[in-house]
Amino acid sequence: MQDPTIIESFWDVDKDFALLGLQVLPGLIAPAGSRGRERFFQAFRNYYATDSVKTASHLIKARFNVNKKHGVSDEDIAHFDLGVCTALLVNTVPAIWWTLFHAFSNQALLKELRHVIAAAISRQYKSREPLTAISIDVPHIIQTVPLIDSFVKEVLRVHSNSMSARLLLQDKVIEDDKGTSYLLKKGSFLAMPSAPVHASTDAWGPNASTFDPARFLHLQGDRISRSAYRAFGGGHALCPGRHFAMNEIMGILIIMVMKYDISPLDGDWSIPETRDHISTSVMTPGRDFLVRIKPREELQYMGGNFVWRFQKRTGRSE
Ligand code: HEM
């Protein structure tokens, strides 16, 4: 990485996102976010000015080339990069945090996850010969162990509070379950928070407030309305990164539970208070949570060497 301050700058912007959105004297009402934003833009401007994009990933190069083709300046590309980093990081990072929190704070769940993942891995290997390195096909595990998908969806159901925002293009009357009508007026701004829907016993049944990693395994067909699950928003603005994000979170979960043991430094796994953000779906813990991460002792018998494959063997791998 060329400019390590960019990480801190990005999260400073994230903390002050709502205030910056007001576009009123940002240097005064959100000084840390405003400085962070300037540092972020400057770092990306330097990046493009020094032609560093040549060594970037395929994704970044492709974006850069599309922007260039349409005459977008380096300055504006640097501004767009803030949006890209926001979409990529602000929900995925806390989602991974909560996923690891629930996996490691619940010993029964951790045991179950390790058991089903190990079973999926061992099905890949016919031979009983001792192995020096185990090649793990992450997409295959995600596909064959439905508990992982259910668990991550449940993490997002419980810890997300997305606020889909829409501008009303016409008057619309809606009715609640008691028959009271409400007029939503054309031209007004409609905010639809997901947390009340995710906590609704009408939608999720009497155990709506319980964290149930296997919840989505039990749900069949149309028993739950599709619109009751709002972690990725809905309608025409439904998050286009949702499959990528789910795979990313599930991949990291698999690696972490198989390779490491994690325990809180103070021995206390109580769920920390959370912070809502206007800009994000997934809530963040309100404080740092210090943990000890150790390689699992049980893995020593197989050398502890894993090779994680994230793509099918057709193209680039590892
Ligand atoms: C756990 C991770 C994520 C969550 C919970 C999440 C959630 C959301 C939500 C709630 C929305 C607003 C939907 C609405 O207004 O109804 C959204 C929009 C969006 N997300 Fe995500 N997102 C995640 C990851 C990602 C990733 C990894 C990317 C990019 C690769 C991404 C790209 C976008 C984009 C571009 C939009 C705007 C869509 C539009 O307005 O048409 N998201 N996301």
# chains A, B, ... in the order shown; residues from 1 in each chain; ligands from 1
call {"tool": "residues_around", "arguments": {"residues": "segment 255-272 of chain A", "least_positions_apart": "3", "cutoff": "10 Å", "atoms": "only C-alpha atoms", "output": "number ranges by chain"}}
result
A: 98, 100-106, 110-111, 113-115, 117-118, 136, 138, 250-252, 275, 284-299, 304-306, 308
call {"tool": "closest_atom_pairs", "arguments": {"of": "chain A", "to": "ligand 1", "cutoff": "10 Å", "atoms": "only C-alpha atoms and all ligand atoms", "output": "tab-separated table"}}
result
residue	atom	partner	partner_atom_place_in_ligand_line	distance
A:Gly83	CA	ligand 1	35 (C)	8.3
A:Val84	CA	ligand 1	29 (C)	7.0
A:Cys85	CA	ligand 1	29 (C)	8.2
A:Thr86	CA	ligand 1	31 (C)	8.1
A:Ala87	CA	ligand 1	31 (C)	4.3
A:Leu88	CA	ligand 1	27 (C)	4.0
A:Leu89	CA	ligand 1	27 (C)	6.6
A:Val90	CA	ligand 1	2 (C)	7.6
A:Asn91	CA	ligand 1	2 (C)	4.4
A:Thr92	CA	ligand 1	2 (C)	4.0
A:Val93	CA	ligand 1	1 (C)	7.6
A:Pro94	CA	ligand 1	1 (C)	7.8
A:Ala95	CA	ligand 1	1 (C)	5.4
A:Ile96	CA	ligand 1	1 (C)	7.9
A:Val152	CA	ligand 1	1 (C)	9.2
A:Lys153	CA	ligand 1	1 (C)	9.3
A:Val155	CA	ligand 1	1 (C)	9.7
A:Leu156	CA	ligand 1	5 (C)	6.8
A:Arg157	CA	ligand 1	5 (C)	9.4
A:His159	CA	ligand 1	5 (C)	9.4
A:Ser160	CA	ligand 1	5 (C)	6.8
A:Asn161	CA	ligand 1	10 (C)	7.9
A:Ser162	CA	ligand 1	10 (C)	4.6
A:Met163	CA	ligand 1	10 (C)	6.5
A:Ser164	CA	ligand 1	15 (O)	3.9
A:Ala165	CA	ligand 1	15 (O)	5.7
A:Arg166	CA	ligand 1	15 (O)	7.5
A:Ala191	CA	ligand 1	15 (O)	9.3
A:Met192	CA	ligand 1	16 (O)	8.6
A:Pro193	CA	ligand 1	10 (C)	9.4
A:Ser194	CA	ligand 1	10 (C)	8.5
A:Arg230	CA	ligand 1	10 (C)	6.9
A:Ala231	CA	ligand 1	5 (C)	5.2
A:Phe232	CA	ligand 1	7 (C)	4.0
A:Gly233	CA	ligand 1	16 (O)	3.3
A:Gly234	CA	ligand 1	16 (O)	4.2
A:Gly235	CA	ligand 1	16 (O)	6.2
A:His236	CA	ligand 1	41 (O)	6.4
A:Ala237	CA	ligand 1	41 (O)	3.8
A:Leu238	CA	ligand 1	13 (C)	4.5
A:Cys239	CA	ligand 1	18 (C)	3.9
A:Pro240	CA	ligand 1	33 (C)	5.3
A:Gly241	CA	ligand 1	28 (C)	3.7
A:Arg242	CA	ligand 1	24 (C)	5.5
A:His243	CA	ligand 1	27 (C)	8.1
A:Phe244	CA	ligand 1	27 (C)	5.9
A:Ala245	CA	ligand 1	27 (C)	4.5
A:Met246	CA	ligand 1	1 (C)	6.5
A:Asn247	CA	ligand 1	27 (C)	9.6
A:Glu248	CA	ligand 1	27 (C)	8.2
A:Ile249	CA	ligand 1	1 (C)	7.6
A:Ser279	CA	ligand 1	10 (C)	9.0
A:Thr280	CA	ligand 1	10 (C)	6.9
A:Ser281	CA	ligand 1	10 (C)	5.0
A:Val282	CA	ligand 1	5 (C)	5.7
A:Met283	CA	ligand 1	5 (C)	9.5
call {"tool": "residues_around", "arguments": {"residues": "Phe44 of chain A", "least_positions_apart": "4", "cutoff": "10 Å", "atoms": "only C-alpha atoms", "output": "ChimeraX atom specification"}}
result
/A:2-3,6,39-40,48-50,52-53,74-75,77-79,81-82
call {"tool": "write_last_selection", "arguments": {"atoms": "N, CA and C atoms", "output": "PDB file, in the first residue's frame"}}
result
ATOM      1  N   GLN A   2       0.513   2.223  -0.863  1.00  0.00           N
ATOM      2  CA  GLN A   2       1.390   3.380  -0.988  1.00  0.00           C
ATOM      3  C   GLN A   2       1.198   4.392   0.140  1.00  0.00           C
ATOM      4  N   ASP A   3      -0.038   4.578   0.581  1.00  0.00           N
ATOM      5  CA  ASP A   3      -0.288   5.585   1.598  1.00  0.00           C
ATOM      6  C   ASP A   3      -1.134   4.981   2.729  1.00  0.00           C
ATOM      7  N   ILE A   6      -4.464   6.208   4.438  1.00  0.00           N
ATOM      8  CA  ILE A   6      -5.751   6.188   3.737  1.00  0.00           C
ATOM      9  C   ILE A   6      -6.796   5.375   4.522  1.00  0.00           C
ATOM     10  N   ARG A  39      -7.758  13.948   2.689  1.00  0.00           N
ATOM     11  CA  ARG A  39      -6.576  13.073   2.619  1.00  0.00           C
ATOM     12  C   ARG A  39      -6.844  11.898   1.676  1.00  0.00           C
ATOM     13  N   PHE A  40      -8.071  11.364   1.774  1.00  0.00           N
ATOM     14  CA  PHE A  40      -8.462  10.234   0.928  1.00  0.00           C
ATOM     15  C   PHE A  40      -8.382  10.636  -0.554  1.00  0.00           C
ATOM     16  N   TYR A  48      -3.258   8.018  -9.053  1.00  0.00           N
ATOM     17  CA  TYR A  48      -3.445   8.054 -10.509  1.00  0.00           C
ATOM     18  C   TYR A  48      -2.349   8.878 -11.184  1.00  0.00           C
ATOM     19  N   ALA A  49      -1.908   9.956 -10.503  1.00  0.00           N
ATOM     20  CA  ALA A  49      -0.884  10.818 -11.101  1.00  0.00           C
ATOM     21  C   ALA A  49       0.426  10.054 -11.292  1.00  0.00           C
ATOM     22  N   THR A  50       0.692   9.072 -10.423  1.00  0.00           N
ATOM     23  CA  THR A  50       1.956   8.321 -10.522  1.00  0.00           C
ATOM     24  C   THR A  50       1.768   7.021 -11.317  1.00  0.00           C
ATOM     25  N   SER A  52       0.099   4.489 -10.803  1.00  0.00           N
ATOM     26  CA  SER A  52       0.169   3.265  -9.995  1.00  0.00           C
ATOM     27  C   SER A  52      -0.936   2.282 -10.357  1.00  0.00           C
ATOM     28  N   VAL A  53      -1.950   2.760 -11.051  1.00  0.00           N
ATOM     29  CA  VAL A  53      -3.070   1.891 -11.394  1.00  0.00           C
ATOM     30  C   VAL A  53      -2.611   0.712 -12.256  1.00  0.00           C
ATOM     31  N   ASP A  74      -9.098  12.563 -13.377  1.00  0.00           N
ATOM     32  CA  ASP A  74      -8.521  11.813 -12.245  1.00  0.00           C
ATOM     33  C   ASP A  74      -9.117  12.308 -10.927  1.00  0.00           C
ATOM     34  N   GLU A  75      -9.334  13.622 -10.878  1.00  0.00           N
ATOM     35  CA  GLU A  75      -9.919  14.238  -9.680  1.00  0.00           C
ATOM     36  C   GLU A  75     -11.281  13.594  -9.365  1.00  0.00           C
ATOM     37  N   ILE A  77     -12.443  10.743 -10.560  1.00  0.00           N
ATOM     38  CA  ILE A  77     -12.307   9.296 -10.301  1.00  0.00           C
ATOM     39  C   ILE A  77     -11.950   9.101  -8.821  1.00  0.00           C
ATOM     40  N   ALA A  78     -11.062   9.965  -8.324  1.00  0.00           N
ATOM     41  CA  ALA A  78     -10.685   9.876  -6.902  1.00  0.00           C
ATOM     42  C   ALA A  78     -11.919  10.063  -6.016  1.00  0.00           C
ATOM     43  N   HIS A  79     -12.822  10.956  -6.434  1.00  0.00           N
ATOM     44  CA  HIS A  79     -14.049  11.163  -5.648  1.00  0.00           C
ATOM     45  C   HIS A  79     -14.947   9.926  -5.691  1.00  0.00           C
ATOM     46  N   ASP A  81     -13.981   6.979  -5.985  1.00  0.00           N
ATOM     47  CA  ASP A  81     -13.354   5.890  -5.216  1.00  0.00           C
ATOM     48  C   ASP A  81     -13.867   5.866  -3.776  1.00  0.00           C
ATOM     49  N   LEU A  82     -14.231   7.037  -3.277  1.00  0.00           N
ATOM     50  CA  LEU A  82     -14.781   7.052  -1.908  1.00  0.00           C
ATOM     51  C   LEU A  82     -16.094   6.279  -1.873  1.00  0.00           C
TER      52      LEU A  82
END
call {"tool": "atom_distance", "arguments": {"atom1": "atom CA of Glu8 of chain A", "atom2": "atom CA of Thr274 of chain A"}}
result
20.5 Å
call {"tool": "atom_distance", "arguments": {"atom1": "atom CA of Asp16 of chain A", "atom2": "atom CA of Trp97 of chain A"}}
result
20.6 Å
call {"tool": "atom_distance", "arguments": {"atom1": "atom CA of Ala208 of chain A", "atom2": "atom CA of Leu147 of chain A"}}
result
18.3 Å
call {"tool": "select_by_dssp", "arguments": {"residues": "segment 191-266 of chain A", "states": "alpha helix (DSSP H)", "output": "number ranges by chain"}}
result
A: 195-198, 201-204, 215-218, 242-259
call {"tool": "select_by_dssp", "arguments": {"residues": "segment 14-195 of chain A", "states": "strand (DSSP E)", "output": "count of residues only"}}
result
22
call {"tool": "decode", "arguments": {"residues": "segment 254-265 of chain A", "atoms": "N, CA and C atoms", "output": "tab-separated table (two decimals), in the first residue's frame"}}
result
chain	number	residue	atom	x	y	z
A	254	ILE	N	-15.30	-19.39	7.16
A	254	ILE	CA	-14.77	-20.76	7.02
A	254	ILE	C	-13.28	-20.78	7.42
A	255	ILE	N	-12.53	-19.83	6.90
A	255	ILE	CA	-11.09	-19.80	7.21
A	255	ILE	C	-10.87	-19.62	8.70
A	256	MET	N	-11.57	-18.66	9.28
A	256	MET	CA	-11.33	-18.34	10.70
A	256	MET	C	-11.72	-19.49	11.61
A	257	VAL	N	-12.89	-20.10	11.38
A	257	VAL	CA	-13.29	-21.17	12.32
A	257	VAL	C	-12.41	-22.40	12.16
A	258	MET	N	-11.91	-22.63	10.95
A	258	MET	CA	-11.09	-23.82	10.77
A	258	MET	C	-9.66	-23.62	11.26
A	259	LYS	N	-9.15	-22.39	11.17
A	259	LYS	CA	-7.74	-22.18	11.50
A	259	LYS	C	-7.48	-21.67	12.91
A	260	TYR	N	-8.44	-20.92	13.46
A	260	TYR	CA	-8.11	-20.19	14.69
A	260	TYR	C	-9.09	-20.43	15.83
A	261	ASP	N	-8.59	-20.16	17.01
A	261	ASP	CA	-9.43	-20.00	18.19
A	261	ASP	C	-9.39	-18.53	18.56
A	262	ILE	N	-10.55	-17.99	18.90
A	262	ILE	CA	-10.59	-16.57	19.29
A	262	ILE	C	-11.28	-16.47	20.64
A	263	SER	N	-10.66	-15.71	21.55
A	263	SER	CA	-11.30	-15.50	22.86
A	263	SER	C	-11.11	-14.06	23.29
A	264	PRO	N	-12.09	-13.52	24.03
A	264	PRO	CA	-11.95	-12.11	24.46
A	264	PRO	C	-10.85	-11.98	25.51
A	265	LEU	N	-10.11	-10.89	25.47
A	265	LEU	CA	-9.01	-10.72	26.42
A	265	LEU	C	-9.52	-10.69	27.85
